[in-house]
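Remarks on the structure that follows.
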Amino acid sequence: MSNAKTICTVCNYIYDEVLGEPRQDILPSVKFEDLAEEWACPECGSNKEMFQPCSCVSLPVYEKTCVVHSEPEYQQLSSSSKSLIKKTPVGELVARNPAYACVLEQHGIDYCCGGKTTLEAACNKKGVSVEAILKRLALALQAGREPDQSDWTTSSLKALIEHIVLQYHNPLRLDLSRILALAKKVARVHGANHPEMIEVLEIFSRFKDELEMHMQKEELILFPSIASLESHKTIQGPGCFSGIEHPIAMMTKEHDDAGDALCALRRLSNNFTPPDDACATYKLLLNSLAQLELEMHQHVHKENNILFERATALFGSIYTKARRFAPPEI
Ligand SMILES: [Fe+2]
Ligand SMILES: [Fe+2]
């Protein structure tokens, strides 16, 4: 049986040939290439041209949670549970249930840098019905196929750091160089007809430089500090009471800046939509940027809403204990 997956570069819906698309009466094992030419994405209505193979993309959340077929979980939710979920920050919701990321991404709801916004406020901001989103969240849970079996809210911080570096930092470094080469080529060849692609190149070059520096700071300074805090359970060294709040605040601010750059890239490229005269490189660039944005959302979410939150809480408890046992000041 075929197992190819094809992603909509506009909304990130994945057509999975194993599953077909029950909502459109498309049977399992129908290949993407055999879908009718007029077939459109069931989520956003984009045509087939906007789809790209995603065999080379790491999309663990999407590939297992985007297609769901029934809704008993939603019907079982009490009204008090629904109102509790509505008042919960979206970052916290995804930290508890990674499957939710898929649904929020599809509706453009920012759960990484905007992770402290409640679901209700985030839906209002996006102009989408919170009830409809609740239903889709319940469906994503009901699919019950979370890709990432680790519970990062209870794992060791060291394991979470290793996961972030291996899963996100290392591939990102390769992607940044690959995408920069594409952006340079597109700006050179299409810049006259599409001056926005020159701006895309400028923004992306800056984004790449800043992100590489940012990851280096995390790997050399912040992550080792957090790992050491966890293993020694003590605050050590000069300036020991200055805490990790400042470096975390700096990294969070840099995440916001990266988020702004990604928004600018999306806006300039008309939601990563290739124009009629786009060549293969142009389409590949936009597809790569869409995938990069998705990876960045998951990456920043795990740092902002899980790692940094947990490290701050750990530091707070160690600091309180250390102050309690410190000799009185004379
Ligand atoms: Fe990072
Ligand atoms: Fe980061």
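Letters for chains follow the order of the structure tokens (A, B, ...), residue numbers begin at 1 for each chain, and ligand numbers begin at 1 in the order shown.
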Within 10 Å of Ala261 (chain A), counting only C-alpha atoms, which residues show up once you throw out same-chain ones fewer than 5 positions away? Write them as a count of residues only, please. 10
Counting only C-alpha atoms, what is within 9 Å of Leu285 (chain A), bar same-chain residues fewer than 2 positions away, as a compact mmCIF listing (two decimals) with N, CA and C atoms, in the first residue's frame?
```txt
# COMPACT_ATOMS: atom_id res chain seq x y z
N ILE A 179 18.16 27.18 2.60
CA ILE A 179 17.13 28.13 2.19
C ILE A 179 17.76 29.45 1.75
N LEU A 180 18.86 29.83 2.40
CA LEU A 180 19.51 31.09 1.99
C LEU A 180 19.98 30.99 0.54
N LEU A 182 18.65 29.23 -1.81
CA LEU A 182 17.45 29.33 -2.66
C LEU A 182 16.99 30.79 -2.76
N ALA A 183 16.97 31.47 -1.61
CA ALA A 183 16.50 32.86 -1.58
C ALA A 183 17.38 33.76 -2.43
N VAL A 186 16.49 33.04 -6.13
CA VAL A 186 15.18 33.59 -6.52
C VAL A 186 15.25 35.11 -6.62
N PHE A 272 3.11 32.35 1.42
CA PHE A 272 3.95 31.33 0.77
C PHE A 272 3.27 30.76 -0.49
N ALA A 280 10.61 26.20 -10.46
CA ALA A 280 10.68 25.15 -9.44
C ALA A 280 11.44 25.64 -8.20
N THR A 281 12.51 26.43 -8.41
CA THR A 281 13.29 26.92 -7.26
C THR A 281 12.45 27.87 -6.40
N TYR A 282 11.68 28.71 -7.07
CA TYR A 282 10.81 29.67 -6.39
C TYR A 282 9.82 28.89 -5.51
N LYS A 283 9.18 27.85 -6.10
CA LYS A 283 8.20 27.06 -5.35
C LYS A 283 8.87 26.32 -4.19
N ASN A 287 7.95 26.71 -0.27
CA ASN A 287 7.59 25.50 0.49
C ASN A 287 8.54 25.31 1.68
N SER A 288 9.82 25.57 1.43
CA SER A 288 10.80 25.43 2.51
C SER A 288 10.54 26.44 3.61
N LEU A 289 10.15 27.65 3.24
CA LEU A 289 9.86 28.67 4.26
C LEU A 289 8.63 28.27 5.08
N ALA A 290 7.64 27.69 4.41
CA ALA A 290 6.43 27.25 5.13
C ALA A 290 6.80 26.15 6.14
```
Which of these, A:Ser129, A:Asn124, A:Gln298, A:Asn193, has the shortest distance to ligand 2 once you count only C-alpha atoms and all ligand atoms? A:Gln298
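Between CA of Ser231 (chain A) and CA of Leu172 (chain A) there is a distance of 27.9 Å.
When only C-alpha atoms and all ligand atoms are used to measure the gap to ligand 2, the shortest distance among A:Thr6, A:Ser205, A:Asn304, A:Thr154 belongs to A:Asn304.
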Return as a count of residues only every polymer residue, whether protein, DNA or RNA, with at least one atom no more than 12 Å from an atom of ligand 2; count only C-alpha atoms and all ligand atoms. 47
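Proximity to Ala40 (chain A) at 10 Å, evaluated using only C-alpha atoms and with sequence-adjacent residues fewer than 4 positions away removed, yields A:Cys8, A:Gln24, A:Leu35, A:Ala36, A:Cys44, A:Gly45, A:Ser46, A:Asn47, A:Lys48, A:Glu49, A:Met50, A:Phe51.
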Store the residues picked out above, limited to N, CA and C atoms, as an mmCIF file, in the first residue's frame.
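Written out: again02.cif:
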```
data_model
loop_
_atom_site.group_PDB
_atom_site.id
_atom_site.type_symbol
_atom_site.label_atom_id
_atom_site.label_comp_id
_atom_site.auth_asym_id
_atom_site.auth_seq_id
_atom_site.Cartn_x
_atom_site.Cartn_y
_atom_site.Cartn_z
ATOM 1 N N CYS A 8 -0.260 20.614 2.176
ATOM 2 C CA CYS A 8 -0.743 21.880 1.621
ATOM 3 C C CYS A 8 0.161 22.981 2.182
ATOM 4 N N GLN A 24 -14.216 13.822 1.852
ATOM 5 C CA GLN A 24 -14.497 14.032 0.423
ATOM 6 C C GLN A 24 -14.784 12.697 -0.279
ATOM 7 N N LEU A 35 -5.757 12.081 -7.713
ATOM 8 C CA LEU A 35 -6.897 12.934 -7.362
ATOM 9 C C LEU A 35 -7.235 13.798 -8.571
ATOM 10 N N ALA A 36 -8.521 14.134 -8.723
ATOM 11 C CA ALA A 36 -8.946 14.938 -9.880
ATOM 12 C C ALA A 36 -8.190 16.263 -9.913
ATOM 13 N N CYS A 44 -8.517 24.401 3.360
ATOM 14 C CA CYS A 44 -8.454 25.813 2.956
ATOM 15 C C CYS A 44 -8.873 26.044 1.507
ATOM 16 N N GLY A 45 -9.148 24.975 0.770
ATOM 17 C CA GLY A 45 -9.635 25.149 -0.601
ATOM 18 C C GLY A 45 -8.544 25.378 -1.635
ATOM 19 N N SER A 46 -7.270 25.291 -1.223
ATOM 20 C CA SER A 46 -6.190 25.496 -2.210
ATOM 21 C C SER A 46 -6.186 24.359 -3.228
ATOM 22 N N ASN A 47 -5.712 24.674 -4.445
ATOM 23 C CA ASN A 47 -5.709 23.621 -5.467
ATOM 24 C C ASN A 47 -4.456 22.747 -5.352
ATOM 25 N N LYS A 48 -4.375 21.734 -6.187
ATOM 26 C CA LYS A 48 -3.301 20.734 -6.067
ATOM 27 C C LYS A 48 -1.909 21.331 -6.226
ATOM 28 N N GLU A 49 -1.835 22.416 -6.988
ATOM 29 C CA GLU A 49 -0.525 23.048 -7.221
ATOM 30 C C GLU A 49 0.136 23.508 -5.932
ATOM 31 N N MET A 50 -0.693 23.773 -4.916
ATOM 32 C CA MET A 50 -0.151 24.291 -3.667
ATOM 33 C C MET A 50 0.374 23.182 -2.757
ATOM 34 N N PHE A 51 0.304 21.951 -3.221
ATOM 35 C CA PHE A 51 0.768 20.820 -2.398
ATOM 36 C C PHE A 51 2.185 20.420 -2.781
#
```
Please report the interatomic distance between CA of Ser177 (chain A) and CA of Leu262 (chain A) in Å with one decimal. 16.1 Å
Please give the complete set of residues from region 27-259 of chain A that DSSP, run on the backbone, assigns to strand (DSSP E or B), formatted as JSON, numbers by chain. {"A": [40, 47, 51, 52, 53, 89, 118]}
Calculated over only C-alpha atoms and all ligand atoms, which of the candidates A:Ala122, A:Val130, A:Leu139, A:Leu220 has the smallest distance to ligand 1? A:Leu220
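Distance annotation: of A:Arg173, A:Glu196, A:Arg188, A:Asp277, the residue with the minimal separation from ligand 1 is A:Arg173; atom set is only C-alpha atoms and all ligand atoms.
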Apply DSSP to the structure's backbone, then extract all residues of region 72-221 of chain A labelled helix (DSSP H, G or I) and return them as JSON, numbers by chain. {"A": [72, 73, 74, 75, 76, 79, 80, 81, 82, 83, 84, 85, 86, 90, 91, 92, 93, 94, 95, 96, 100, 101, 102, 103, 104, 105, 106, 119, 120, 121, 122, 123, 124, 125, 126, 130, 131, 132, 133, 134, 135, 136, 137, 138, 139, 140, 141, 142, 143, 157, 158, 159, 160, 161, 162, 163, 164, 165, 166, 167, 168, 169, 170, 171, 172, 173, 174, 175, 176, 177, 178, 179, 180, 181, 182, 183, 184, 185, 186, 187, 188, 189, 190, 196, 197, 198, 199, 200, 201, 202, 203, 204, 205, 206, 207, 208, 209, 210, 211, 212, 213, 214, 215, 216, 217, 218, 219, 220, 221]}
